[in-house]
Structures are given as C-alpha cells and as structure tokens.
>>> print(open('protein.cif').read())   # mmCIF, C-alpha atoms
data_model
#
loop_
_atom_site.group_PDB
_atom_site.id
_atom_site.type_symbol
_atom_site.label_atom_id
_atom_site.label_comp_id
_atom_site.auth_asym_id
_atom_site.auth_seq_id
_atom_site.Cartn_x
_atom_site.Cartn_y
_atom_site.Cartn_z
ATOM 1 C CA MET A 39 0.000 0.000 0.000
ATOM 2 C CA ARG A 40 2.797 2.379 0.965
ATOM 3 C CA CYS A 41 4.646 1.527 -2.252
ATOM 4 C CA LEU A 42 1.562 2.458 -4.271
ATOM 5 C CA GLN A 43 1.441 5.844 -2.542
ATOM 6 C CA ILE A 44 5.131 6.454 -3.295
ATOM 7 C CA LEU A 45 4.579 5.371 -6.910
ATOM 8 C CA LYS A 46 1.706 7.817 -7.206
ATOM 9 C CA ARG A 47 3.718 10.711 -5.774
ATOM 10 C CA GLY A 48 6.595 9.841 -8.103
ATOM 11 C CA VAL A 49 4.375 9.849 -11.201
ATOM 12 C CA VAL A 50 2.830 13.181 -10.181
ATOM 13 C CA SER A 51 6.266 14.719 -9.662
ATOM 14 C CA GLY A 52 7.458 13.328 -13.011
ATOM 15 C CA LEU A 53 4.443 14.719 -14.867
ATOM 16 C CA ARG A 54 4.880 18.081 -13.162
ATOM 17 C CA THR A 55 8.545 18.178 -14.236
ATOM 18 C CA THR A 56 7.597 17.213 -17.805
ATOM 19 C CA GLY A 57 5.036 20.036 -17.807
ATOM 20 C CA THR A 58 7.625 22.558 -16.676
ATOM 21 C CA LEU A 59 10.119 21.477 -19.289
ATOM 22 C CA ALA A 60 7.468 21.528 -22.037
ATOM 23 C CA LEU A 61 6.808 25.187 -21.195
ATOM 24 C CA VAL A 62 10.493 25.912 -21.847
ATOM 25 C CA ILE A 63 11.295 23.511 -24.684
ATOM 26 C CA VAL A 64 8.301 24.159 -26.960
ATOM 27 C CA PRO A 65 8.657 27.950 -27.413
ATOM 28 C CA ILE A 66 12.451 27.772 -27.818
ATOM 29 C CA TYR A 67 12.264 24.870 -30.268
ATOM 30 C CA LEU A 68 9.687 26.833 -32.306
ATOM 31 C CA ALA A 69 11.747 30.012 -32.224
ATOM 32 C CA VAL A 70 14.873 28.228 -33.443
ATOM 33 C CA THR A 71 12.940 26.372 -36.169
ATOM 34 C CA LEU A 72 11.590 29.710 -37.449
ATOM 35 C CA LEU A 73 14.983 31.431 -37.089
ATOM 36 C CA GLU A 74 16.507 28.697 -39.256
ATOM 37 C CA GLN A 75 14.505 30.079 -42.185
ATOM 38 C CA THR A 76 15.833 33.617 -41.729
ATOM 39 C CA PRO A 77 19.376 34.947 -42.235
ATOM 40 C CA VAL A 78 19.652 35.515 -38.457
ATOM 41 C CA LEU A 79 20.675 31.997 -37.406
ATOM 42 C CA PRO A 80 23.320 31.563 -40.135
ATOM 43 C CA TRP A 81 24.646 35.006 -39.208
ATOM 44 C CA ILE A 82 24.942 34.050 -35.514
ATOM 45 C CA GLY A 83 26.514 30.781 -36.647
ATOM 46 C CA ARG A 84 29.176 32.517 -38.733
ATOM 47 C CA ALA A 85 29.958 35.047 -35.997
ATOM 48 C CA CYS A 86 30.494 32.332 -33.386
ATOM 49 C CA ARG A 87 32.159 29.747 -35.584
ATOM 50 C CA PRO A 88 35.754 30.404 -34.382
ATOM 51 C CA LEU A 89 34.806 29.979 -30.724
ATOM 52 C CA MET A 90 32.609 26.921 -31.244
ATOM 53 C CA GLU A 91 34.868 25.243 -33.785
ATOM 54 C CA PHE A 92 37.522 25.079 -31.099
ATOM 55 C CA MET A 93 35.167 22.659 -29.323
ATOM 56 C CA GLY A 94 34.132 20.817 -32.470
ATOM 57 C CA LEU A 95 30.664 22.349 -32.545
ATOM 58 C CA PRO A 96 28.812 24.309 -35.247
ATOM 59 C CA GLY A 97 28.525 28.062 -34.615
ATOM 60 C CA GLU A 98 24.730 27.866 -34.311
ATOM 61 C CA ALA A 99 25.070 25.743 -31.169
ATOM 62 C CA VAL A 100 26.156 28.892 -29.310
ATOM 63 C CA MET A 101 22.438 29.662 -28.819
ATOM 64 C CA GLY A 102 21.995 26.467 -26.859
ATOM 65 C CA VAL A 103 25.070 27.299 -24.785
ATOM 66 C CA VAL A 104 23.844 30.811 -23.943
ATOM 67 C CA LEU A 105 20.262 29.753 -23.180
ATOM 68 C CA GLY A 106 21.451 26.789 -21.123
ATOM 69 C CA ASN A 107 23.752 28.941 -19.020
ATOM 70 C CA PHE A 108 21.227 31.721 -18.451
ATOM 71 C CA ILE A 109 18.024 29.655 -18.185
ATOM 72 C CA ASN A 110 18.385 25.884 -17.802
ATOM 73 C CA LEU A 111 19.192 22.610 -19.531
ATOM 74 C CA TYR A 112 15.707 22.297 -20.968
ATOM 75 C CA ALA A 113 16.201 25.593 -22.813
ATOM 76 C CA ALA A 114 19.540 24.329 -24.143
ATOM 77 C CA ILE A 115 17.883 21.131 -25.370
ATOM 78 C CA GLY A 116 15.072 23.097 -27.021
ATOM 79 C CA ALA A 117 17.629 25.207 -28.877
ATOM 80 C CA VAL A 118 20.001 22.438 -29.938
ATOM 81 C CA THR A 119 17.728 19.612 -31.110
ATOM 82 C CA PRO A 120 16.538 21.456 -34.250
ATOM 83 C CA LEU A 121 20.218 21.572 -35.343
ATOM 84 C CA HIS A 122 20.482 17.747 -35.646
ATOM 85 C CA LEU A 123 23.989 17.304 -34.250
ATOM 86 C CA ASP A 124 25.689 13.917 -34.555
ATOM 87 C CA SER A 125 26.462 11.764 -31.516
ATOM 88 C CA ARG A 126 30.011 13.093 -31.082
ATOM 89 C CA GLN A 127 28.928 16.727 -31.309
ATOM 90 C CA MET A 128 25.982 16.105 -28.993
ATOM 91 C CA THR A 129 28.259 14.494 -26.385
ATOM 92 C CA ILE A 130 30.630 17.493 -26.468
ATOM 93 C CA PHE A 131 27.689 19.894 -26.292
ATOM 94 C CA ALA A 132 26.261 17.919 -23.359
ATOM 95 C CA LEU A 133 29.592 17.984 -21.488
ATOM 96 C CA LEU A 134 29.859 21.751 -21.989
ATOM 97 C CA LEU A 135 26.351 22.216 -20.643
ATOM 98 C CA LEU A 136 26.476 19.634 -17.840
ATOM 99 C CA VAL A 137 29.448 21.322 -16.204
ATOM 100 C CA SER A 138 28.054 24.835 -16.627
ATOM 101 C CA HIS A 139 24.310 25.563 -16.708
ATOM 102 C CA SER A 140 21.487 27.549 -15.031
ATOM 103 C CA LEU A 141 24.115 29.883 -13.602
ATOM 104 C CA PRO A 142 21.844 32.595 -12.119
ATOM 105 C CA LEU A 143 19.731 29.985 -10.299
ATOM 106 C CA GLU A 144 22.560 27.745 -9.162
ATOM 107 C CA ALA A 145 24.723 30.689 -8.087
ATOM 108 C CA ALA A 146 21.822 31.757 -5.869
ATOM 109 C CA VAL A 147 21.701 28.241 -4.414
ATOM 110 C CA SER A 148 25.445 28.295 -3.613
ATOM 111 C CA ARG A 149 25.052 31.722 -2.021
ATOM 112 C CA MET A 150 22.273 30.338 0.141
ATOM 113 C CA ALA A 151 24.659 27.631 1.296
ATOM 114 C CA GLY A 152 26.928 30.427 2.518
ATOM 115 C CA VAL A 153 29.699 30.674 -0.075
ATOM 116 C CA ARG A 154 30.511 33.444 -2.542
ATOM 117 C CA ALA A 155 29.035 32.675 -5.950
ATOM 118 C CA TRP A 156 31.458 34.179 -8.461
ATOM 119 C CA PRO A 157 34.406 31.786 -7.950
ATOM 120 C CA PHE A 158 32.023 28.920 -8.657
ATOM 121 C CA VAL A 159 30.606 30.576 -11.747
ATOM 122 C CA LEU A 160 34.129 31.195 -13.094
ATOM 123 C CA MET A 161 35.215 27.655 -12.245
ATOM 124 C CA ARG A 162 32.203 26.177 -14.012
ATOM 125 C CA ILE A 163 32.459 28.256 -17.194
ATOM 126 C CA GLY A 164 36.230 27.745 -17.414
ATOM 127 C CA GLY A 165 36.002 24.051 -16.606
ATOM 128 C CA ALA A 166 33.222 23.498 -19.124
ATOM 129 C CA ILE A 167 35.157 25.107 -21.996
ATOM 130 C CA LEU A 168 38.405 23.306 -21.086
ATOM 131 C CA LEU A 169 36.729 19.903 -20.815
ATOM 132 C CA ALA A 170 34.704 20.321 -24.018
ATOM 133 C CA ALA A 171 37.763 21.466 -25.988
ATOM 134 C CA GLY A 172 39.771 18.613 -24.471
ATOM 135 C CA LEU A 173 37.155 16.036 -25.425
ATOM 136 C CA ASN A 174 37.090 17.447 -28.958
ATOM 137 C CA LEU A 175 40.884 17.082 -29.195
ATOM 138 C CA CYS A 176 41.023 13.554 -27.768
ATOM 139 C CA TRP A 177 38.075 12.123 -29.689
ATOM 140 C CA PRO A 178 38.941 11.304 -33.318
ATOM 141 C CA VAL A 179 36.230 12.430 -35.735
ATOM 142 C CA MET B 1385 7.586 34.280 -46.133
ATOM 143 C CA ASP B 1386 3.905 33.841 -47.108
ATOM 144 C CA GLY B 1387 1.162 32.490 -44.865
ATOM 145 C CA THR B 1388 1.097 28.825 -45.909
ATOM 146 C CA VAL B 1389 4.855 28.473 -45.588
ATOM 147 C CA PHE B 1390 4.699 29.999 -42.127
ATOM 148 C CA PHE B 1391 1.935 27.679 -40.930
ATOM 149 C CA ASP B 1392 3.636 24.687 -42.473
ATOM 150 C CA LEU B 1393 6.792 25.599 -40.609
ATOM 151 C CA LEU B 1394 4.870 26.216 -37.390
ATOM 152 C CA GLY B 1395 3.208 22.815 -37.736
ATOM 153 C CA ARG B 1396 6.521 21.076 -38.262
ATOM 154 C CA GLY B 1397 8.049 22.977 -35.343
ATOM 155 C CA LEU B 1398 5.194 22.017 -33.017
ATOM 156 C CA LEU B 1399 5.444 18.392 -34.080
ATOM 157 C CA GLY B 1400 9.194 18.325 -33.488
ATOM 158 C CA ALA B 1401 8.877 20.073 -30.134
ATOM 159 C CA GLY B 1402 6.044 17.754 -29.079
ATOM 160 C CA ARG B 1403 8.102 14.690 -29.977
ATOM 161 C CA GLN B 1404 10.987 16.127 -27.973
ATOM 162 C CA VAL B 1405 8.856 16.686 -24.883
ATOM 163 C CA LEU B 1406 7.367 13.191 -25.149
ATOM 164 C CA GLN B 1407 10.813 11.637 -25.496
ATOM 165 C CA ILE B 1408 12.037 13.435 -22.396
ATOM 166 C CA GLY B 1409 8.818 12.746 -20.471
ATOM 167 C CA MET B 1410 9.347 9.007 -21.035
ATOM 168 C CA ILE B 1411 12.622 9.360 -19.155
ATOM 169 C CA VAL B 1412 11.625 11.905 -16.523
ATOM 170 C CA VAL B 1413 8.457 10.183 -15.223
ATOM 171 C CA PRO B 1414 10.024 6.773 -14.432
ATOM 172 C CA LEU B 1415 13.083 8.578 -13.084
ATOM 173 C CA MET B 1416 11.010 10.634 -10.661
ATOM 174 C CA VAL B 1417 9.287 7.440 -9.477
ATOM 175 C CA VAL B 1418 12.691 5.916 -8.698
ATOM 176 C CA MET B 1419 13.777 9.131 -6.932
ATOM 177 C CA GLN B 1420 10.628 9.113 -4.816
ATOM 178 C CA PHE B 1421 11.395 5.563 -3.657
ATOM 179 C CA LEU B 1422 15.042 6.438 -2.956
ATOM 180 C CA GLU B 1423 13.936 9.335 -0.816
ATOM 181 C CA GLU B 1424 10.979 7.856 1.062
ATOM 182 C CA LEU B 1425 12.490 4.446 1.768
ATOM 183 C CA LYS B 1426 15.628 6.107 3.179
ATOM 184 C CA ILE B 1427 17.808 4.287 0.658
ATOM 185 C CA LEU B 1428 20.082 7.320 0.258
ATOM 186 C CA GLU B 1429 20.941 7.188 3.973
ATOM 187 C CA LYS B 1430 22.064 3.583 3.590
ATOM 188 C CA VAL B 1431 24.120 4.322 0.480
ATOM 189 C CA SER B 1432 25.801 7.303 2.129
ATOM 190 C CA ARG B 1433 26.915 5.195 5.110
ATOM 191 C CA GLY B 1434 28.805 2.974 2.682
ATOM 192 C CA LEU B 1435 30.422 6.020 1.107
ATOM 193 C CA GLU B 1436 31.894 7.556 4.247
ATOM 194 C CA LYS B 1437 35.339 6.127 3.513
ATOM 195 C CA PRO B 1438 35.655 7.279 -0.143
ATOM 196 C CA VAL B 1439 34.388 10.703 0.986
ATOM 197 C CA SER B 1440 37.309 10.968 3.394
ATOM 198 C CA TRP B 1441 39.676 10.730 0.400
ATOM 199 C CA LEU B 1442 38.210 14.033 -0.773
ATOM 200 C CA GLY B 1443 39.359 15.633 2.471
ATOM 201 C CA LEU B 1444 35.891 15.563 4.017
ATOM 202 C CA SER B 1445 34.421 14.006 7.131
ATOM 203 C CA GLY B 1446 31.821 11.231 6.967
ATOM 204 C CA ALA B 1447 29.082 13.769 7.730
ATOM 205 C CA ALA B 1448 29.457 15.119 4.174
ATOM 206 C CA ALA B 1449 28.491 11.774 2.609
ATOM 207 C CA LEU B 1450 24.725 12.206 2.804
ATOM 208 C CA PRO B 1451 24.590 15.770 1.372
ATOM 209 C CA LEU B 1452 26.831 14.578 -1.460
ATOM 210 C CA VAL B 1453 24.676 11.533 -2.226
ATOM 211 C CA VAL B 1454 21.491 13.624 -2.055
ATOM 212 C CA GLY B 1455 22.934 16.312 -4.347
ATOM 213 C CA MET B 1456 24.257 13.782 -6.838
ATOM 214 C CA SER B 1457 20.959 11.914 -7.063
ATOM 215 C CA LEU B 1458 18.160 14.417 -6.346
ATOM 216 C CA GLY B 1459 19.848 17.670 -7.414
ATOM 217 C CA LEU B 1460 21.941 20.660 -6.325
ATOM 218 C CA ALA B 1461 19.122 22.416 -4.468
ATOM 219 C CA TYR B 1462 18.417 19.363 -2.283
ATOM 220 C CA GLY B 1463 22.126 18.853 -1.582
ATOM 221 C CA ALA B 1464 22.597 22.533 -0.746
ATOM 222 C CA GLY B 1465 19.557 22.486 1.530
ATOM 223 C CA MET B 1466 21.087 19.625 3.451
ATOM 224 C CA ILE B 1467 24.487 21.360 3.581
ATOM 225 C CA ILE B 1468 22.861 24.460 5.086
ATOM 226 C CA LYS B 1469 21.094 22.354 7.706
ATOM 227 C CA TYR B 1470 24.267 20.417 8.555
ATOM 228 C CA SER B 1471 26.399 23.518 8.920
ATOM 229 C CA ARG B 1472 23.796 25.086 11.239
ATOM 230 C CA ASP B 1473 23.834 21.897 13.315
ATOM 231 C CA GLY B 1474 27.619 22.131 13.424
ATOM 232 C CA ARG B 1475 28.104 18.810 11.633
ATOM 233 C CA LEU B 1476 30.041 20.437 8.758
ATOM 234 C CA THR B 1477 32.715 23.114 9.152
ATOM 235 C CA HIS B 1478 32.844 26.138 6.854
ATOM 236 C CA ARG B 1479 35.746 24.540 4.996
ATOM 237 C CA GLU B 1480 33.839 21.302 4.478
ATOM 238 C CA MET B 1481 30.839 23.287 3.296
ATOM 239 C CA ILE B 1482 32.939 24.971 0.586
ATOM 240 C CA LEU B 1483 34.426 21.647 -0.532
ATOM 241 C CA THR B 1484 31.026 19.939 -0.633
ATOM 242 C CA ILE B 1485 29.445 22.751 -2.657
ATOM 243 C CA THR B 1486 32.447 22.763 -5.020
ATOM 244 C CA PHE B 1487 32.027 19.071 -5.718
ATOM 245 C CA LEU B 1488 28.268 19.332 -6.135
ATOM 246 C CA SER B 1489 28.298 22.437 -8.329
ATOM 247 C CA LEU B 1490 30.374 20.493 -10.869
ATOM 248 C CA ASN B 1491 28.587 17.202 -10.441
ATOM 249 C CA HIS B 1492 24.889 16.977 -9.497
ATOM 250 C CA SER B 1493 21.583 15.422 -10.666
ATOM 251 C CA LEU B 1494 23.599 12.619 -12.229
ATOM 252 C CA PHE B 1495 20.618 10.664 -13.445
ATOM 253 C CA GLU B 1496 18.304 13.401 -14.649
ATOM 254 C CA ASP B 1497 20.820 15.673 -16.373
ATOM 255 C CA VAL B 1498 22.761 12.920 -18.102
ATOM 256 C CA LEU B 1499 19.664 11.031 -19.251
ATOM 257 C CA LEU B 1500 18.198 14.227 -20.732
ATOM 258 C CA PHE B 1501 21.196 14.449 -23.041
ATOM 259 C CA VAL B 1502 21.277 10.707 -23.699
ATOM 260 C CA ALA B 1503 17.679 11.071 -24.898
ATOM 261 C CA ILE B 1504 18.861 13.466 -27.625
ATOM 262 C CA GLY B 1505 21.867 11.406 -28.719
ATOM 263 C CA ALA B 1506 24.810 12.035 -26.366
ATOM 264 C CA GLN B 1507 26.926 9.224 -24.902
ATOM 265 C CA GLY B 1508 26.212 8.990 -21.194
ATOM 266 C CA THR B 1509 29.199 6.983 -19.936
ATOM 267 C CA ILE B 1510 31.718 9.404 -21.439
ATOM 268 C CA LEU B 1511 29.805 12.366 -20.014
ATOM 269 C CA GLN B 1512 29.456 11.058 -16.510
ATOM 270 C CA GLY B 1513 32.990 9.650 -16.420
ATOM 271 C CA ILE B 1514 34.522 13.021 -17.288
ATOM 272 C CA ARG B 1515 32.227 15.001 -15.009
ATOM 273 C CA MET B 1516 32.855 12.764 -11.989
ATOM 274 C CA THR B 1517 36.635 12.747 -12.550
ATOM 275 C CA ALA B 1518 36.734 16.540 -12.888
ATOM 276 C CA ALA B 1519 34.698 17.070 -9.712
ATOM 277 C CA ILE B 1520 36.896 14.684 -7.692
ATOM 278 C CA ALA B 1521 40.107 16.280 -9.019
ATOM 279 C CA VAL B 1522 38.998 19.864 -8.335
ATOM 280 C CA THR B 1523 37.739 18.999 -4.830
ATOM 281 C CA ILE B 1524 40.985 17.221 -3.873
ATOM 282 C CA LEU B 1525 43.017 20.130 -5.245
ATOM 283 C CA LEU B 1526 40.957 22.691 -3.351
ATOM 284 C CA ALA B 1527 41.216 20.612 -0.161
ATOM 285 C CA ARG B 1528 45.003 20.936 -0.419
ATOM 286 C CA LEU B 1529 44.848 24.685 -1.073
ATOM 287 C CA LEU B 1530 42.322 25.665 1.604
ATOM 288 C CA PRO B 1531 43.947 26.053 5.008
ATOM 289 C CA ARG B 1532 42.690 23.688 7.685
ATOM 290 C CA GLU B 1533 40.490 25.355 10.260
ATOM 291 C CA ARG B 1534 41.410 25.947 13.888
ATOM 292 C CA GLN B 1535 39.621 23.738 16.379
ATOM 293 C CA THR B 1536 37.081 26.426 17.291
ATOM 294 C CA PRO B 1537 34.753 27.042 14.354
ATOM 295 C CA PRO B 1538 34.900 30.656 13.115
ATOM 296 C CA VAL B 1539 31.972 32.845 14.153
ATOM 297 C CA THR B 1540 31.885 34.469 10.718
ATOM 298 C CA ALA B 1541 30.943 31.249 8.952
ATOM 299 C CA ASN B 1542 27.261 31.733 9.498
ATOM 300 C CA SER B 1543 27.050 35.500 9.858
ATOM 301 C CA LYS B 1544 24.357 35.767 7.198
ATOM 302 C CA ALA B 1545 22.227 33.031 8.701
ATOM 303 C CA LYS B 1546 21.726 34.808 12.029
ATOM 304 C CA PRO B 1547 18.072 35.379 12.858
#
>>> encode(input="protein.cif", output="structure tokens")
Amino acid sequence: MRCLQILKRGVVSGLRTTGTLALVIVPIYLAVTLLEQTPVLPWIGRACRPLMEFMGLPGEAVMGVVLGNFINLYAAIGAVTPLHLDSRQMTIFALLLLVSHSLPLEAAVSRMAGVRAWPFVLMRIGGAILLAAGLNLCWPV
Amino acid sequence: MDGTVFFDLLGRGLLGAGRQVLQIGMIVVPLMVVMQFLEELKILEKVSRGLEKPVSWLGLSGAAALPLVVGMSLGLAYGAGMIIKYSRDGRLTHREMILTITFLSLNHSLFEDVLLFVAIGAQGTILQGIRMTAAIAVTILLARLLPRERQTPPVTANSKAKP
C-alpha cells in the first residue's frame, strides 16, 4: 500500500517536471525552427564559428550554450535539437552544458549555502570550456 | 515568407517540439518514481553510510556523505539544503561546506541531467565519467589549497544566517 502511494507521488512529480520542461522547450524549439529560415541563425553561426569550432561544434550551437547557461538545460535542449547534431557533437555539447548551466539559479543556491558565488561561476564556465575542448581534441572524428 | 509556408513551418516545429517533450517525459516520469522511492524508503541514507570512507579521500568528514549523495541523485538544491542544515547543526565546518558545494556544483543530478542528453543522442558513460573525474580532481586540489580550520569554528561562517 505504501509503495503504491510512493509510486503515485513519483508519477505526479514526473508529470509536473515534464510540464515545466514543455513550457520551456516548446517555445524555444519553435523560435529556433523559425529562425533557421531567416538569415539571423546563419549570421549568428558565422559570428560564433571560431569559438565553437575550437570545441568541435557548429557556430549555431552557441544559442543552446547561452540559453542553457542563463536559463536551464531544458532551454539548451530546445535550442540544440533542431540543429540535428551527430552523436560526437551532442556528447561534447552535453559535457559543456552539464558542467556549466542555469548559472543565475545555481549561483543563488550556492550563495544560500553560505559561499561566494562568483568563484564557482568562473570555475564552471572555465572548466566546461576546457573539458569540451579537451574532449574534442582527444576524440577522433 | 507567405502564410502557408509559415503555418507549415509552425506545424513542423510544433510536431518536433512535441516529440521532444514526449521523449524526455518518457525518461523523466520513471526517473522521478525511482527518486521518490530512494527518498521515502531512506535508501540514500544507507548508500551514504557505505560512502563515508571514499568521501574521506576528498578531504571531508563522513558527515558530508549524505549531502553529497542527495545532491548527486536528487539535485543541487536538495544537496545545498542539506548542507545548510548540517552547517547550522555544526556537523560540517565552513571549509567542508565549501568543498562539498564545489564538488556538487560540478557534479549533481547525475541521473536526470545525463539522461536528458542521452535522450537526444549524447553518450552517457563518457559524459558522466569526465564530469565525476573533474569534480573529484577539483575537490581534492581545493582541499590541499584551503587552510585547515582551527579547532574552534569561526563565528563568521554563518554571519548571514543569524536570525
């Protein structure tokens, strides 16, 4: 009986999380799909190519990186899936985002725990770029 | 762009986004069920007791094991909540708090975050292997750099938390 209650609470919490992420993913996915048809996305892609190429990613993926760092991982996923990256690129993108994401929110959490936030933010951004570039170098295409 | 093209594009976008949400929902719902069991059946407490020794290699006391396990499985906010509680209770020193948060800020929500990216094509073992190694390395390094505390805990550690 107790297990059934736990199961129920788990399903509710899972559905609630899925709802939250749908609210983020759907609009961003739509926006990027529409942007793909305009010169804006290719322009952003060209401008950011040098930085992203260093990590083995297409320039357009910078939108996922920015949204993921300012908002959350769901936003990053919404922005990157329309680009159809291959498995290697997606793994590098994921590493970049897993180490550094949702910075405003998570910095607030660290501050709550009583430590200064900016060293952590710097460590995460720096670490993410280093690790992603390193993985790109070590992983033959 | 004329009207039909726009609506065609919108339709395709909605379909793609919907598929994406469904794909992620299929991972998130079962995952949250597992998390609920881990939490309510006190399984995390049992796991963390087994981890007290490896945690000491990071330069931390056994008391840090449970906040670390909670943060790695349930998420940063849960881990941080527990760290705040523990440091108020005096179970973690200010130094241990910094080390624990350092580890967790690099490496948290192992299941949810990694599976989200696996769902869209990334390779989970590589991701988690690198993330875990980086977090362990940075924490050990920082433990060497941070001076050990004097026996009496500093009064300033919790200055913000005063009522």
>>> resolve_selection(input="protein.cif", expression="the PyMOL selection byres ((chain B) within 6 of (chain A))", output="list in words")
Gly1397, Ala1401, Val1405, Gly1409, Val1412, Val1413, Met1416, Val1417, Gln1420, Ala1464, Ile1468, Leu1490, Gly1505, Ala1506, Gln1507 and Leu1511 of chain B
>>> resolve_selection(input="protein.cif", expression="the PyMOL selection byres ((chain B and resi 1529-1531) around 12)", output="ChimeraX atom specification")
/B:1443,1478-1483,1522-1528,1532-1534
>>> atom_distance(input="protein.cif", atom1="CA of Gln1512 in chain B", atom2="CA of Gly1455 in chain B")
14.8 Å
>>> axis_aligned_box(input="protein.cif", around="range 1506-1514 of chain B", padding_each_side="6 Å", output="JSON")
{"center_x": 29.7, "center_y": 10.0, "center_z": -21.4, "size_x": 21.7, "size_y": 18.0, "size_z": 21.9}
>>> atom_distance(input="protein.cif", atom1="CA of Phe108 in chain A", atom2="CA of Ser140 in chain A")
5.4 Å
>>> resolve_selection(input="protein.cif", expression="the PyMOL selection byres ((chain B and resi 1466) around 10)", output="PyMOL selection string")
(chain A and resi 151) or (chain B and resi 1448+1450-1452+1454-1455+1460-1465+1467-1472)
>>> closest_residue(input="protein.cif", among="A:Arg84, A:Ala171, A:Thr58, A:Leu160", to="Ala113 in chain A", atoms="all atoms listed in the file")
A:Thr58
>>> atom_distance(input="protein.cif", atom1="CA of Gly102 in chain A", atom2="CA of Gly83 in chain A")
11.6 Å
